[in-house]
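Visitor: data-v3.txt is reproduced in full below (compact mmCIF, C-alpha atoms).
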```txt
# COMPACT_ATOMS: atom_id res chain seq x y z
CA MET A 1 133.22 213.44 14.76
CA PRO A 2 130.03 215.49 15.55
CA ASP A 3 128.24 217.23 12.67
CA PRO A 4 129.12 220.99 12.79
CA ASP A 5 125.66 221.85 11.44
CA LEU A 6 123.84 220.33 14.49
CA PRO A 7 122.83 222.61 17.37
CA ALA A 8 125.16 222.33 20.38
CA ALA A 9 122.38 220.83 22.56
CA LEU A 10 122.01 217.93 20.12
CA VAL A 11 125.69 217.10 19.92
CA PRO A 12 126.36 213.86 21.87
CA LYS A 13 128.73 214.42 24.73
CA LYS A 14 131.51 212.08 25.57
CA ARG A 15 131.05 210.57 29.08
CA PRO A 16 134.15 211.23 31.17
CA PHE A 17 136.20 208.14 31.99
CA ARG A 18 136.37 209.10 35.67
CA ARG A 19 132.58 209.07 35.95
CA GLN A 20 132.41 205.64 34.35
CA LEU A 21 135.02 204.38 36.81
CA TRP A 22 133.03 205.66 39.79
CA ILE A 23 129.87 204.05 38.51
CA PHE A 24 131.70 200.76 38.06
CA LEU A 25 133.21 200.91 41.57
CA PHE A 26 129.85 201.77 43.12
CA ALA A 27 128.20 198.85 41.31
CA LEU A 28 131.02 196.55 42.42
CA LEU A 29 130.64 197.62 46.06
CA ALA A 30 126.86 197.18 45.89
CA VAL A 31 127.24 193.65 44.53
CA ALA A 32 129.85 192.84 47.19
CA ALA A 33 127.59 194.17 49.96
CA ILE A 34 124.69 192.07 48.69
CA LEU A 35 126.84 188.94 48.52
CA ILE A 36 128.35 189.49 51.99
CA ASN A 37 124.93 190.07 53.54
CA ALA A 38 123.54 187.02 51.76
CA ALA A 39 126.41 184.91 53.11
CA ALA A 40 125.85 186.27 56.64
CA PHE A 41 122.11 185.58 56.37
CA VAL A 42 122.74 181.98 55.35
CA ALA A 43 125.41 181.46 58.02
CA ALA A 44 123.16 182.95 60.72
CA HIS A 45 120.40 180.56 59.73
CA ALA A 46 122.80 177.61 59.83
CA MET A 47 124.05 178.54 63.32
CA THR A 48 120.60 179.11 64.86
CA HIS A 49 118.49 176.41 63.18
CA TYR A 50 119.10 172.77 64.05
CA VAL A 51 118.47 170.10 61.43
CA ALA A 52 117.09 166.72 62.48
CA HIS A 53 119.21 163.71 61.53
CA ALA A 54 121.92 165.87 59.95
CA ASP A 55 125.48 164.58 60.07
CA ARG A 56 127.51 166.36 62.70
CA PRO A 57 130.14 168.45 60.91
CA HIS A 58 133.74 168.21 61.96
CA PHE A 59 134.94 171.77 62.49
CA HIS A 60 138.63 172.14 61.90
CA VAL A 61 140.36 174.83 63.95
CA PRO A 62 140.91 176.89 61.94
CA MET A 63 138.25 175.89 59.38
CA THR A 64 139.31 174.71 55.97
CA THR A 65 138.40 176.84 52.97
CA TRP A 66 135.92 174.15 51.93
CA ASP A 67 134.18 174.18 55.32
CA LYS A 68 133.95 177.98 55.25
CA THR A 69 132.42 177.79 51.79
CA ARG A 70 129.88 175.21 52.96
CA LEU A 71 128.96 177.35 55.99
CA PHE A 72 128.26 180.45 53.93
CA LEU A 73 126.45 178.49 51.23
CA GLY A 74 124.13 176.94 53.80
CA THR A 75 125.20 173.34 53.15
CA LEU A 76 126.88 172.95 56.55
CA SER A 77 124.07 172.15 58.99
CA LEU A 78 124.03 171.75 62.76
CA PRO A 79 122.39 168.49 63.82
CA ARG A 80 119.59 168.80 66.36
CA PRO A 81 121.06 167.72 69.73
CA VAL A 82 119.60 164.49 71.04
CA ASN A 83 119.73 162.66 74.36
CA ILE A 84 121.93 159.64 73.83
CA TYR A 85 121.44 158.19 77.32
CA THR A 86 119.32 158.84 80.42
CA PRO A 87 119.92 159.15 84.18
CA ALA A 88 118.99 155.47 84.52
CA ASP A 89 122.18 154.63 82.63
CA LYS A 90 124.05 156.33 85.49
CA HIS A 91 122.02 154.57 88.20
CA LEU A 92 119.69 157.48 88.95
CA ASP A 93 115.93 156.98 89.26
CA TYR A 94 114.08 159.71 87.37
CA GLU A 95 110.78 160.81 85.92
CA THR A 96 110.12 162.82 82.77
CA LEU A 97 108.14 166.07 82.95
CA HIS A 98 106.69 168.24 80.19
CA PHE A 99 105.45 171.83 80.43
CA PRO A 100 105.38 174.92 78.17
CA GLY A 101 108.42 177.18 77.88
CA ALA A 102 109.41 179.94 75.47
CA HIS A 103 106.89 180.59 72.68
CA GLY A 104 104.59 177.97 74.24
CA LEU A 105 106.87 175.13 73.12
CA GLN A 106 106.82 172.05 75.33
CA LEU A 107 109.98 171.51 77.34
CA GLU A 108 111.20 168.12 78.50
CA VAL A 109 112.83 167.73 81.91
CA TRP A 110 114.34 164.80 83.77
CA ARG A 111 113.54 165.02 87.46
CA VAL A 112 115.65 163.12 89.98
CA ARG A 113 114.07 163.40 93.41
CA GLY A 114 116.19 164.33 96.40
CA GLU A 115 115.87 164.40 100.14
CA GLU A 116 113.06 166.26 101.86
CA GLY A 117 114.13 169.72 102.98
CA LYS A 118 117.06 169.91 100.54
CA PRO A 119 117.27 172.41 97.64
CA VAL A 120 116.29 171.83 94.03
CA VAL A 121 119.02 172.27 91.42
CA LEU A 122 117.89 173.24 87.92
CA LEU A 123 120.53 172.39 85.30
CA PHE A 124 120.72 173.94 81.82
CA PRO A 125 123.01 172.86 78.94
CA GLY A 126 125.13 174.88 76.52
CA TYR A 127 125.02 175.55 72.80
CA GLU A 128 124.61 172.44 70.62
CA ALA A 129 123.97 170.34 73.75
CA SER A 130 121.06 168.53 75.40
CA LYS A 131 120.36 167.51 78.99
CA THR A 132 122.35 164.31 78.49
CA MET A 133 125.44 166.45 79.04
CA LEU A 134 124.18 167.40 82.52
CA ILE A 135 123.86 163.92 84.04
CA ALA A 136 127.37 163.85 85.52
CA ASN A 137 126.78 167.22 87.23
CA ALA A 138 123.35 166.06 88.44
CA ARG A 139 124.93 163.00 90.09
CA GLU A 140 127.24 165.29 92.07
CA PHE A 141 124.40 167.49 93.30
CA HIS A 142 122.23 164.45 94.01
CA SER A 143 125.00 163.02 96.16
CA LEU A 144 124.36 166.00 98.46
CA GLY A 145 120.71 165.04 98.71
CA TYR A 146 119.56 167.73 96.25
CA GLU A 147 116.68 167.20 93.86
CA CYS A 148 117.87 167.69 90.27
CA TRP A 149 116.01 168.92 87.21
CA MET A 150 117.88 168.51 83.92
CA VAL A 151 116.25 170.77 81.33
CA ASP A 152 116.23 170.61 77.54
CA PHE A 153 115.92 174.10 76.10
CA HIS A 154 113.40 174.49 73.29
CA GLY A 155 114.89 173.25 70.05
CA VAL A 156 116.97 170.43 71.53
CA GLY A 157 116.62 166.95 73.01
CA GLY A 158 113.09 165.97 73.97
CA SER A 159 111.72 169.53 73.81
CA GLN A 160 109.80 171.00 70.90
CA GLY A 161 111.25 173.37 68.33
CA SER A 162 114.37 173.48 66.21
CA THR A 163 115.96 176.89 66.83
CA THR A 164 118.23 178.59 69.34
CA THR A 165 118.58 182.27 70.21
CA ILE A 166 121.87 181.61 72.05
CA GLY A 167 120.37 182.52 75.41
CA TRP A 168 117.72 185.18 74.69
CA SER A 169 114.50 183.13 74.53
CA GLU A 170 116.16 180.37 76.53
CA ALA A 171 115.84 182.72 79.52
CA ASP A 172 112.08 182.14 79.25
CA ASP A 173 112.73 178.40 79.45
CA VAL A 174 114.75 178.99 82.63
CA ALA A 175 111.84 180.94 84.12
CA ALA A 176 109.32 178.26 83.09
CA ALA A 177 111.37 175.49 84.73
CA SER A 178 111.78 177.58 87.87
CA ARG A 179 108.03 178.16 88.13
CA GLN A 180 107.29 174.48 87.60
CA ALA A 181 109.80 173.44 90.26
CA ALA A 182 108.32 175.99 92.67
CA GLN A 183 104.87 174.48 92.16
CA LEU A 184 106.04 170.96 92.94
CA ARG A 185 108.54 171.96 95.66
CA PRO A 186 107.23 175.28 97.01
CA ASP A 187 109.35 175.26 100.17
CA ALA A 188 112.64 174.23 98.55
CA PRO A 189 115.26 176.87 97.69
CA GLN A 190 116.45 176.75 94.10
CA VAL A 191 120.01 176.62 92.78
CA LEU A 192 120.40 177.38 89.08
CA PHE A 193 123.32 175.69 87.29
CA GLY A 194 124.17 176.57 83.69
CA VAL A 195 126.92 175.90 81.19
CA SER A 196 127.91 178.50 78.57
CA LEU A 197 124.65 179.38 76.77
CA GLY A 198 122.76 177.97 79.75
CA ALA A 199 124.66 180.26 82.12
CA ALA A 200 123.96 183.27 79.87
CA ALA A 201 120.25 182.40 79.82
CA ILE A 202 120.20 182.20 83.63
CA LEU A 203 121.75 185.67 83.90
CA ARG A 204 119.10 187.10 81.57
CA ALA A 205 116.32 185.45 83.58
CA GLU A 206 117.81 187.00 86.72
CA HIS A 207 117.94 190.38 84.94
CA LEU A 208 114.26 190.04 84.01
CA HIS A 209 113.38 189.09 87.62
CA THR A 210 111.57 185.97 86.40
CA VAL A 211 113.47 183.71 88.82
CA GLU A 212 114.23 183.92 92.55
CA PRO A 213 117.16 181.55 93.13
CA ALA A 214 118.97 181.04 96.40
CA ALA A 215 122.26 180.69 94.48
CA LEU A 216 123.71 180.51 90.98
CA ILE A 217 126.50 178.27 89.70
CA LEU A 218 127.70 179.38 86.27
CA GLU A 219 130.29 177.83 83.99
CA CYS A 220 131.83 180.17 81.40
CA PRO A 221 128.94 182.41 80.28
CA TYR A 222 129.90 184.77 77.45
CA ASP A 223 129.95 188.50 78.23
CA ARG A 224 128.22 189.74 75.06
CA LEU A 225 126.74 187.81 72.17
CA THR A 226 128.74 189.87 69.69
CA THR A 227 132.05 189.02 71.32
CA ALA A 228 131.09 185.35 71.62
CA VAL A 229 130.44 185.17 67.87
CA SER A 230 133.61 187.14 67.18
CA HIS A 231 135.73 184.75 69.23
CA ARG A 232 134.20 181.74 67.52
CA PHE A 233 134.95 183.21 64.10
CA SER A 234 138.55 183.97 65.10
CA ALA A 235 139.04 180.43 66.40
CA LEU A 236 137.74 178.99 63.13
CA GLY A 237 140.00 181.22 61.05
CA ILE A 238 137.17 183.45 59.76
CA PRO A 239 137.78 187.24 59.89
CA PRO A 240 135.45 188.62 62.61
CA PHE A 241 134.86 191.88 60.73
CA PRO A 242 132.40 192.45 59.15
CA MET A 243 130.84 189.01 59.49
CA THR A 244 130.25 189.17 63.26
CA ASP A 245 128.00 192.22 63.13
CA LEU A 246 126.19 191.02 60.02
CA LEU A 247 125.63 187.49 61.31
CA VAL A 248 124.37 188.75 64.67
CA PHE A 249 122.05 191.21 62.94
CA TRP A 250 120.56 188.62 60.58
CA GLY A 251 120.26 186.00 63.31
CA GLY A 252 118.22 188.43 65.38
CA ALA A 253 116.11 189.45 62.38
CA GLN A 254 115.30 185.82 61.54
CA LEU A 255 114.27 184.90 65.09
CA GLY A 256 112.76 188.19 66.22
CA PHE A 257 115.06 189.40 69.00
CA ASN A 258 117.68 192.08 69.57
CA PRO A 259 121.06 190.30 69.74
CA ARG A 260 122.89 193.49 70.73
CA ALA A 261 120.87 193.52 73.95
CA MET A 262 122.02 190.00 74.84
CA ASN A 263 124.81 191.05 77.22
CA PRO A 264 125.25 188.83 80.31
CA VAL A 265 127.96 191.16 81.62
CA ASP A 266 125.26 193.81 82.05
CA PHE A 267 122.75 191.32 83.44
CA ALA A 268 125.26 190.25 86.10
CA ARG A 269 124.90 193.65 87.80
CA ASP A 270 121.32 192.72 88.70
CA VAL A 271 122.23 189.48 90.48
CA GLN A 272 121.27 189.61 94.16
CA CYS A 273 122.16 186.08 95.29
CA PRO A 274 125.46 184.25 95.91
CA THR A 275 126.98 183.27 92.57
CA LEU A 276 129.83 180.93 91.74
CA LEU A 277 131.43 181.79 88.40
CA MET A 278 133.86 179.29 86.87
CA ASP A 279 136.06 179.45 83.79
CA GLY A 280 139.22 177.91 82.36
CA ASP A 281 142.25 180.10 81.78
CA LYS A 282 142.50 178.71 78.24
CA ASP A 283 138.88 179.32 77.28
CA TYR A 284 139.28 180.83 73.81
CA ARG A 285 135.51 180.95 73.23
CA VAL A 286 134.89 183.42 76.06
CA GLY A 287 138.26 184.81 77.06
CA MET A 288 139.51 185.56 80.56
CA ILE A 289 139.23 189.33 80.10
CA ASN A 290 135.54 189.03 79.34
CA GLU A 291 134.92 186.51 82.12
CA ARG A 292 136.65 188.78 84.62
CA ALA A 293 134.33 191.56 83.48
CA ILE A 294 131.36 189.39 84.51
CA ALA A 295 133.05 188.64 87.84
CA THR A 296 133.50 192.37 88.42
CA ALA A 297 129.86 193.03 87.51
CA LEU A 298 128.72 190.45 90.08
CA GLY A 299 130.50 192.44 92.77
CA SER A 300 130.20 191.15 96.32
CA HIS A 301 127.68 188.51 95.21
CA GLY A 302 130.26 186.72 93.06
CA THR A 303 132.94 184.11 93.69
CA PHE A 304 135.28 183.62 90.72
CA GLU A 305 137.13 180.33 90.30
CA VAL A 306 139.67 179.84 87.50
CA PHE A 307 140.58 176.32 86.37
CA PRO A 308 144.20 176.25 85.19
CA ASP A 309 145.02 174.74 81.80
CA ALA A 310 141.29 174.21 81.10
CA GLY A 311 139.31 175.32 78.08
CA HIS A 312 135.61 175.96 77.64
CA ALA A 313 133.22 174.21 80.09
CA PHE A 314 133.07 170.60 81.34
CA TYR A 315 135.21 171.31 84.41
CA LEU A 316 133.78 168.38 86.35
CA GLN A 317 135.13 166.08 83.65
CA ARG A 318 138.40 168.00 83.19
CA GLN A 319 139.31 168.55 86.86
CA PRO A 320 136.82 166.58 88.98
CA ASP A 321 138.47 167.01 92.37
CA ARG A 322 138.85 170.78 91.97
CA TRP A 323 135.26 171.12 90.70
CA ARG A 324 133.86 169.13 93.64
CA GLN A 325 135.86 171.06 96.20
CA THR A 326 134.91 174.41 94.66
CA VAL A 327 131.19 173.68 94.33
CA ARG A 328 130.82 172.01 97.71
CA SER A 329 132.68 174.77 99.52
CA PHE A 330 130.44 177.35 97.85
CA LEU A 331 127.26 175.49 98.76
CA ALA A 332 128.42 174.83 102.32
CA LEU A 333 129.09 178.55 102.77
CA HIS A 334 125.86 179.86 101.28
CA LEU A 335 123.40 176.98 101.77
CA ALA A 336 124.89 175.43 104.90
CA PRO A 337 121.65 174.09 106.44
CA ALA A 338 120.80 172.32 103.17
CA THR A 339 124.11 170.61 102.42
CA GLY A 340 124.29 168.42 105.47
CA ASN A 341 126.82 165.63 105.65
CA ALA A 342 126.85 164.02 102.25
CA THR A 343 129.13 161.55 100.60
CA SER A 344 130.38 161.83 97.06
CA ALA A 345 128.97 159.85 94.18
CA ARG A 346 131.91 158.71 92.20
```
I need this file expressed as structure tokens, please.
Guide:
Amino acid sequence: MPDPDLPAALVPKKRPFRRQLWIFLFALLAVAAILINAAAFVAAHAMTHYVAHADRPHFHVPMTTWDKTRLFLGTLSLPRPVNIYTPADKHLDYETLHFPGAHGLQLEVWRVRGEEGKPVVLLFPGYEASKTMLIANAREFHSLGYECWMVDFHGVGGSQGSTTTIGWSEADDVAAASRQAAQLRPDAPQVLFGVSLGAAAILRAEHLHTVEPAALILECPYDRLTTAVSHRFSALGIPPFPMTDLLVFWGGAQLGFNPRAMNPVDFARDVQCPTLLMDGDKDYRVGMINERAIATALGSHGTFEVFPDAGHAFYLQRQPDRWRQTVRSFLALHLAPATGNATSAR
């Protein structure tokens, strides 16, 4: 009990319980915000930085609690994609080229020469993939007499680096490959073929006017980077909010780009050449609503082909006859003088 002889100003006051509760709640929220941002920072690093010789993780759909914990603790690493076989393994003669791409990093390309007077097809892989994954597609284009360039983005395969910006800086790799092909084949029209991330990078390069293709062939590009990350989280059983926004923010901060400006659906409005857009109606990573938005943005320049009962990418492997018919019909319509009478490589 306070001493009655002390002046009122010196009498210790009892701190109200409500104030203590608010201080505690504020401190708790601050700690939670720090922990959530730390987890997003670590997860963003894990999803944008490849690790050489790391064991490839098996992602359960949805992820187990243990895998989620490993992801947000930074112990779940993505192995750096490697090229496990070459065009020679598929009976294609090729040469290897090197030239600088994004950030001055050396890119590695496999060049399969085609017939004189035919177009050059530049092929770009998706996320967590190298140019090995493009050989089957290259064989199909080569069967038409086209010259094929299979490109490793920086960070994967035989190219330098160990990071990915999910399409942002990869657009500079697309432009570098296009310039190099134009130097070696100045009179040949170019067709740009991309899968997922590769397709998104092509659309950004087109938006930046760093390429001048005669046609584009795109398999399942995402509409916006934020929705792509959100869909991936949902598929893995991780709540998209608030981790999507935080992971995208920290990924951009770590690699020096604005992820909220990585929106292929907006880039598609700048496309001025014939474009074949393909997607599967069961593509949970992109979603048909978002893919249709890209098709709408392409306007009269776009042709949209939906593969029934197909998921994300690899439509040549999933439905080879439909893929061949779709691609060949598109090329015959828009590059008729170049297609000629070719036989299929099967």
Visitor: My list of candidates is A:Thr227, A:Asn258, A:Ser143, A:Thr275. Which is closest to A:Trp168 when distances are computed with only C-alpha atoms?
Guide: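 Looking at the shortest contact to A:Trp168, the residue is A:Asn258.
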Visitor: Mind pulling up the distance from atom CA of A:Ser234 to atom CA of A:Arg285?
Guide: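 These two atoms are separated by 9.2 Å.
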Visitor: Which residue gives the smallest distance to A:Val174 among A:Ser162, A:Thr326, A:Ser230, A:Gln190, with all atoms listed in the file counted?
Guide: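 Residue with the minimum atom-to-atom distance to A:Val174: A:Gln190.
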Visitor: Residues within 8 Å of A:Ala228, please, as JSON, numbers by chain. Count only C-alpha atoms; anything in the same chain fewer than 4 positions from it doesn't count.
Guide: {"A": [222, 223, 224, 232, 285, 286]}
Visitor: Please write the residues from the selection above to a file, keeping C-alpha atoms, as a tab-separated table (two decimals), in the frame of the given file.
Guide:
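Below is the file out-v7.tsv, written as the result:
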```tsv
chain	number	residue	atom	x	y	z
A	222	TYR	CA	129.90	184.77	77.45
A	223	ASP	CA	129.95	188.50	78.23
A	224	ARG	CA	128.22	189.74	75.06
A	232	ARG	CA	134.20	181.74	67.52
A	285	ARG	CA	135.51	180.95	73.23
A	286	VAL	CA	134.89	183.42	76.06
```
Visitor: Taking into account only C-alpha atoms, which residue in the set A:Gly252, A:Gly167, A:Pro125, A:Pro239 is nearest to A:Asn137?
Guide: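 Ranking A:Gly252, A:Gly167, A:Pro125, A:Pro239 by distance to A:Asn137, first place goes to A:Pro125.
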Visitor: One number please: atom CA of A:Gly198 to atom CA of A:Trp250, in Å, one decimal.
Guide: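 Going from atom CA of A:Gly198 over to atom CA of A:Trp250, I get 22.0 Å.
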Visitor: What's the 6 Å shell around stretch 92-102 of chain A, counting only C-alpha atoms, without same-chain residues fewer than 2 positions away, as a JSON list (two decimals) with C-alpha atoms, keeping the file's coordinate frame?
Guide:
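Just written: selection-v7.json:
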```json
[["chain", "number", "residue", "atom", "x", "y", "z"],
["A", 87, "PRO", "CA", 119.92, 159.15, 84.18],
["A", 88, "ALA", "CA", 118.99, 155.47, 84.52],
["A", 90, "LYS", "CA", 124.05, 156.33, 85.49],
["A", 104, "GLY", "CA", 104.59, 177.97, 74.24],
["A", 105, "LEU", "CA", 106.87, 175.13, 73.12],
["A", 106, "GLN", "CA", 106.82, 172.05, 75.33],
["A", 107, "LEU", "CA", 109.98, 171.51, 77.34],
["A", 108, "GLU", "CA", 111.20, 168.12, 78.50],
["A", 109, "VAL", "CA", 112.83, 167.73, 81.91],
["A", 110, "TRP", "CA", 114.34, 164.80, 83.77],
["A", 111, "ARG", "CA", 113.54, 165.02, 87.46],
["A", 112, "VAL", "CA", 115.65, 163.12, 89.98],
["A", 172, "ASP", "CA", 112.08, 182.14, 79.25],
["A", 173, "ASP", "CA", 112.73, 178.40, 79.45],
["A", 176, "ALA", "CA", 109.32, 178.26, 83.09]]
```
Visitor: Residues at most 7 Å from stretch 185-189 of chain A, counting only C-alpha atoms, excluding those fewer than 3 positions away in the same chain, as a count of residues only?
Guide: 8
Visitor: Which value, in Å to one decimal, gives the distance between atom CA of A:Val156 and atom CA of A:Val51?
Guide: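 Separating atom CA of A:Val156 from atom CA of A:Val51 is a distance of 10.2 Å.
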Visitor: Got a sec: who's within 8 Å of A:Ile166, counting only C-alpha atoms, leaving out chain neighbours fewer than 3 positions off, as a ChimeraX atom specification?
Guide: /A:48,127,169-170,197,201,225
Visitor: When you count all atoms listed in the file, which of these residues is closest to A:Met278: A:Met47, A:Ala199, A:Leu218, A:Leu123?
Guide: A:Leu218
Visitor: Write out as JSON, numbers by chain which residues come within 9 Å of A:Leu122 when counting only C-alpha atoms, dropping same-chain ones fewer than 2 positions away.
Guide: {"A": [120, 124, 147, 148, 149, 150, 151, 174, 177, 178, 181, 190, 191, 192, 193, 194]}
Visitor: Using all atoms listed in the file for the distances, tell me which of A:Arg113, A:Asp152, A:Val229, A:Trp323 is nearest to A:Leu184.
Guide: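 Under the stated criterion, the closest residue is A:Arg113.
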Visitor: So which one's closest to A:Ala136, A:Pro320, A:Gly287, A:Pro308, A:Pro81? Using all atoms listed in the file, please.
Guide: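 Residue with the minimum atom-to-atom distance to A:Ala136: A:Pro320.
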